[in-house]
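First comes the structure, then the notes that go with it.
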Amino acid sequence: NDFLAEGNVHGSTAEGQRYAAPWVRYETARGLLYTDAPVVLQDGGGTLGGDGFRYHVNEHRFELLGNVSVVHKP
C-alpha cells in the first residue's frame with residue numbers, strides 16, 4: 001500500500017542500508033520509496049548525506065539526490 005511517513009523517519013533495506021529523513025513516501029505502483037527532504041544514508045561504505053533519495057524497490061537500488069557528501073567513512 002502507498003504511504004507517507006512523517007516525523008523522524010528511520011528505515012532499512014533488506015541489504016542492510018539504513019536511512020533517516022524527516023519524511024518518506026512509498027508508491028506501490030512505481031515500486032518507489034522516496035523523499036525530497038535532507039537524508040542520511042548508512043551502509044558498509046560509510047555515511048552519506050544528500051538533499052533526498054529514490055529507492056527503487058524492485059531493483060534494490062538507492063539514488064541520493066543533490067549536494068551529496070560523505071559524512072563519515074568506516
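Order determines the names: the first chain of the C-alpha cells is A, the second B, and so forth; residues in each chain are numbered 1 upward, and ligands are numbered 1 upward as they are shown.
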(request) Show which residues sit within 12 Å of Asn58 in chain A, as a list in words. Count only C-alpha atoms, and ignore same-chain residues fewer than 6 positions away. (result) Thr13, Ala14, Thr28, Ala29, Arg30, Gly31, Leu32 and Leu33 of chain A
(request) Mind checking which residues fall within 6 Å of Tyr34 in chain A, counting only C-alpha atoms, ignoring those fewer than 2 positions away in the same chain, and posting them as a PyMOL selection string? (result) chain A and resi 24-25+53-54
(request) Can you work out the spacing between CA of Arg61 in chain A and CA of Trp23 in chain A in Å, to one decimal? (result)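 A separation of 19.0 Å between them.
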(message) Show me, as a ChimeraX atom specification, the residues that have an atom within 12 Å of range 37-48 of chain A when counting only C-alpha atoms, minus same-chain residues fewer than 5 positions from it.
(response) /A:6-25,53-55,62-74
How would the residues just picked look written out with N, CA, C and O atoms as a CSV table (one decimal), in the first residue's frame?
chain,number,residue,atom,x,y,z
A,6,GLU,N,5.8,10.6,8.3
A,6,GLU,CA,6.3,11.9,8.7
A,6,GLU,C,6.9,11.9,10.1
A,6,GLU,O,6.4,11.2,10.9
A,7,GLY,N,7.8,12.8,10.3
A,7,GLY,CA,8.5,12.8,11.6
A,7,GLY,C,9.9,12.4,11.5
A,7,GLY,O,10.5,12.6,10.4
A,8,ASN,N,10.5,11.9,12.5
A,8,ASN,CA,11.9,11.4,12.5
A,8,ASN,C,11.9,10.0,11.9
A,8,ASN,O,11.9,9.0,12.6
A,9,VAL,N,11.8,9.9,10.6
A,9,VAL,CA,11.6,8.6,9.9
A,9,VAL,C,13.0,7.9,9.8
A,9,VAL,O,13.9,8.4,9.3
A,10,HIS,N,13.0,6.6,10.2
A,10,HIS,CA,14.2,5.8,10.1
A,10,HIS,C,13.7,4.5,9.4
A,10,HIS,O,12.7,4.0,9.7
A,11,GLY,N,14.6,3.9,8.6
A,11,GLY,CA,14.2,2.7,7.9
A,11,GLY,C,15.5,2.0,7.5
A,11,GLY,O,16.6,2.5,7.5
A,12,SER,N,15.3,0.7,7.0
A,12,SER,CA,16.4,0.0,6.4
A,12,SER,C,16.0,-0.9,5.3
A,12,SER,O,14.8,-1.2,5.2
A,13,THR,N,16.9,-1.3,4.4
A,13,THR,CA,16.6,-2.2,3.3
A,13,THR,C,17.0,-3.6,3.7
A,13,THR,O,17.7,-3.8,4.7
A,14,ALA,N,16.6,-4.5,2.9
A,14,ALA,CA,17.0,-5.9,3.1
A,14,ALA,C,18.5,-6.1,3.0
A,14,ALA,O,19.1,-7.0,3.5
A,15,GLU,N,19.2,-5.2,2.2
A,15,GLU,CA,20.6,-5.2,2.0
A,15,GLU,C,21.4,-4.6,3.2
A,15,GLU,O,22.6,-4.6,3.2
A,16,GLY,N,20.7,-4.1,4.2
A,16,GLY,CA,21.3,-3.5,5.4
A,16,GLY,C,21.6,-2.0,5.3
A,16,GLY,O,22.2,-1.5,6.2
A,17,GLN,N,21.2,-1.3,4.3
A,17,GLN,CA,21.4,0.1,4.2
A,17,GLN,C,20.3,0.7,5.1
A,17,GLN,O,19.2,0.3,5.2
A,18,ARG,N,20.7,1.8,5.8
A,18,ARG,CA,19.8,2.5,6.7
A,18,ARG,C,19.7,3.9,6.3
A,18,ARG,O,20.7,4.5,5.9
A,19,TYR,N,18.5,4.5,6.5
A,19,TYR,CA,18.3,5.9,6.1
A,19,TYR,C,17.5,6.6,7.2
A,19,TYR,O,16.8,5.9,8.0
A,20,ALA,N,17.6,7.9,7.2
A,20,ALA,CA,16.9,8.7,8.2
A,20,ALA,C,16.5,10.0,7.4
A,20,ALA,O,17.4,10.6,6.7
A,21,ALA,N,15.3,10.4,7.6
A,21,ALA,CA,14.8,11.6,6.9
A,21,ALA,C,13.5,12.2,7.6
A,21,ALA,O,12.9,11.4,8.4
A,22,PRO,N,13.2,13.4,7.4
A,22,PRO,CA,12.0,14.0,8.1
A,22,PRO,C,10.7,13.4,7.6
A,22,PRO,O,9.7,13.3,8.3
A,23,TRP,N,10.7,12.9,6.3
A,23,TRP,CA,9.5,12.3,5.7
A,23,TRP,C,9.9,11.3,4.6
A,23,TRP,O,11.0,11.6,4.0
A,24,VAL,N,9.1,10.3,4.4
A,24,VAL,CA,9.4,9.3,3.3
A,24,VAL,C,8.0,8.9,2.8
A,24,VAL,O,7.1,8.7,3.5
A,25,ARG,N,7.9,8.8,1.5
A,25,ARG,CA,6.7,8.4,0.8
A,25,ARG,C,7.0,7.1,0.0
A,25,ARG,O,8.1,7.0,-0.6
A,53,PHE,N,16.4,11.2,-1.7
A,53,PHE,CA,16.7,9.9,-2.2
A,53,PHE,C,15.6,9.3,-3.0
A,53,PHE,O,14.4,9.7,-2.8
A,54,ARG,N,15.9,8.4,-3.8
A,54,ARG,CA,15.0,7.5,-4.5
A,54,ARG,C,15.5,6.1,-4.3
A,54,ARG,O,16.7,5.8,-4.5
A,55,TYR,N,14.6,5.2,-3.7
A,55,TYR,CA,15.0,3.8,-3.6
A,55,TYR,C,14.1,3.0,-4.5
A,55,TYR,O,12.8,3.0,-4.3
A,62,PHE,N,19.5,2.4,-4.6
A,62,PHE,CA,19.4,3.8,-4.0
A,62,PHE,C,20.0,4.8,-4.9
A,62,PHE,O,21.0,4.6,-5.6
A,63,GLU,N,19.4,6.0,-5.0
A,63,GLU,CA,19.9,7.2,-5.6
A,63,GLU,C,19.9,8.3,-4.6
A,63,GLU,O,18.8,8.6,-4.1
A,64,LEU,N,21.0,8.9,-4.3
A,64,LEU,CA,21.0,10.1,-3.4
A,64,LEU,C,20.9,11.3,-4.4
A,64,LEU,O,21.5,11.3,-5.4
A,65,LEU,N,20.2,12.3,-4.0
A,65,LEU,CA,19.9,13.4,-4.8
A,65,LEU,C,20.5,14.7,-4.2
A,65,LEU,O,20.4,15.0,-3.0
A,66,GLY,N,21.2,15.5,-5.0
A,66,GLY,CA,21.6,16.8,-4.7
A,66,GLY,C,22.5,17.0,-3.5
A,66,GLY,O,22.2,16.5,-2.5
A,67,ASN,N,23.6,17.7,-3.7
A,67,ASN,CA,24.5,18.1,-2.6
A,67,ASN,C,24.9,16.8,-1.8
A,67,ASN,O,25.0,16.9,-0.6
A,68,VAL,N,25.2,15.8,-2.5
A,68,VAL,CA,25.7,14.5,-1.8
A,68,VAL,C,27.1,14.7,-1.2
A,68,VAL,O,28.0,15.3,-1.9
A,69,SER,N,27.2,14.3,0.0
A,69,SER,CA,28.5,14.4,0.7
A,69,SER,C,28.8,13.2,1.6
A,69,SER,O,27.8,12.6,2.0
A,70,VAL,N,30.0,12.9,1.8
A,70,VAL,CA,30.4,11.9,2.7
A,70,VAL,C,30.4,12.5,4.1
A,70,VAL,O,31.1,13.5,4.4
A,71,VAL,N,29.7,11.9,5.0
A,71,VAL,CA,29.6,12.4,6.4
A,71,VAL,C,30.6,11.6,7.2
A,71,VAL,O,31.2,12.2,8.1
A,72,HIS,N,30.8,10.3,6.9
A,72,HIS,CA,31.7,9.5,7.7
A,72,HIS,C,32.1,8.3,6.9
A,72,HIS,O,31.3,7.7,6.3
A,73,LYS,N,33.4,8.0,6.9
A,73,LYS,CA,33.9,6.8,6.3
A,73,LYS,C,34.2,5.8,7.4
A,73,LYS,O,34.6,6.1,8.5
A,74,PRO,N,34.0,4.5,7.1
A,74,PRO,CA,34.2,3.4,8.1
A,74,PRO,C,35.7,3.3,8.5
A,74,PRO,O,36.5,3.7,7.8
(request) Looking only at strand (DSSP E) from DSSP on the backbone, list the matching residues of range 7-58 of chain A as a PyMOL selection string. (result) chain A and resi 7-12+18-27+32-35+39-43+46-50+52-56
What does the file look like for those residues with C-alpha atoms, as a PDB file, in the first residue's frame?
ATOM      1  CA  GLY A   7       8.489  12.842  11.640  1.00  0.00           C
ATOM      2  CA  ASN A   8      11.874  11.414  12.472  1.00  0.00           C
ATOM      3  CA  VAL A   9      11.626   8.579   9.917  1.00  0.00           C
ATOM      4  CA  HIS A  10      14.196   5.760  10.065  1.00  0.00           C
ATOM      5  CA  GLY A  11      14.244   2.670   7.911  1.00  0.00           C
ATOM      6  CA  SER A  12      16.433  -0.029   6.432  1.00  0.00           C
ATOM      7  CA  ARG A  18      19.817   2.465   6.742  1.00  0.00           C
ATOM      8  CA  TYR A  19      18.283   5.857   6.119  1.00  0.00           C
ATOM      9  CA  ALA A  20      16.891   8.731   8.164  1.00  0.00           C
ATOM     10  CA  ALA A  21      14.789  11.641   6.892  1.00  0.00           C
ATOM     11  CA  PRO A  22      12.005  13.991   8.072  1.00  0.00           C
ATOM     12  CA  TRP A  23       9.502  12.264   5.746  1.00  0.00           C
ATOM     13  CA  VAL A  24       9.376   9.329   3.312  1.00  0.00           C
ATOM     14  CA  ARG A  25       6.699   8.373   0.783  1.00  0.00           C
ATOM     15  CA  TYR A  26       6.146   4.969  -0.865  1.00  0.00           C
ATOM     16  CA  GLU A  27       4.293   4.449  -4.155  1.00  0.00           C
ATOM     17  CA  LEU A  32       9.465   3.663  -5.294  1.00  0.00           C
ATOM     18  CA  LEU A  33      10.374   4.843  -1.805  1.00  0.00           C
ATOM     19  CA  TYR A  34      11.489   8.475  -1.797  1.00  0.00           C
ATOM     20  CA  THR A  35      11.947  11.821  -0.102  1.00  0.00           C
ATOM     21  CA  VAL A  39      18.577  12.435   4.212  1.00  0.00           C
ATOM     22  CA  VAL A  40      21.387  10.456   5.839  1.00  0.00           C
ATOM     23  CA  LEU A  41      22.212   7.043   4.349  1.00  0.00           C
ATOM     24  CA  GLN A  42      24.434   4.490   6.088  1.00  0.00           C
ATOM     25  CA  ASP A  43      25.848   1.363   4.513  1.00  0.00           C
ATOM     26  CA  GLY A  46      30.159   4.809   5.233  1.00  0.00           C
ATOM     27  CA  THR A  47      27.604   7.509   5.919  1.00  0.00           C
ATOM     28  CA  LEU A  48      26.391   9.816   3.165  1.00  0.00           C
ATOM     29  CA  GLY A  49      24.134  12.850   3.193  1.00  0.00           C
ATOM     30  CA  GLY A  50      22.021  14.373   0.442  1.00  0.00           C
ATOM     31  CA  GLY A  52      16.793  13.463  -0.903  1.00  0.00           C
ATOM     32  CA  PHE A  53      16.739   9.914  -2.246  1.00  0.00           C
ATOM     33  CA  ARG A  54      14.973   7.482  -4.510  1.00  0.00           C
ATOM     34  CA  TYR A  55      14.986   3.794  -3.586  1.00  0.00           C
ATOM     35  CA  HIS A  56      13.882   1.578  -6.458  1.00  0.00           C
TER      36      HIS A  56
END
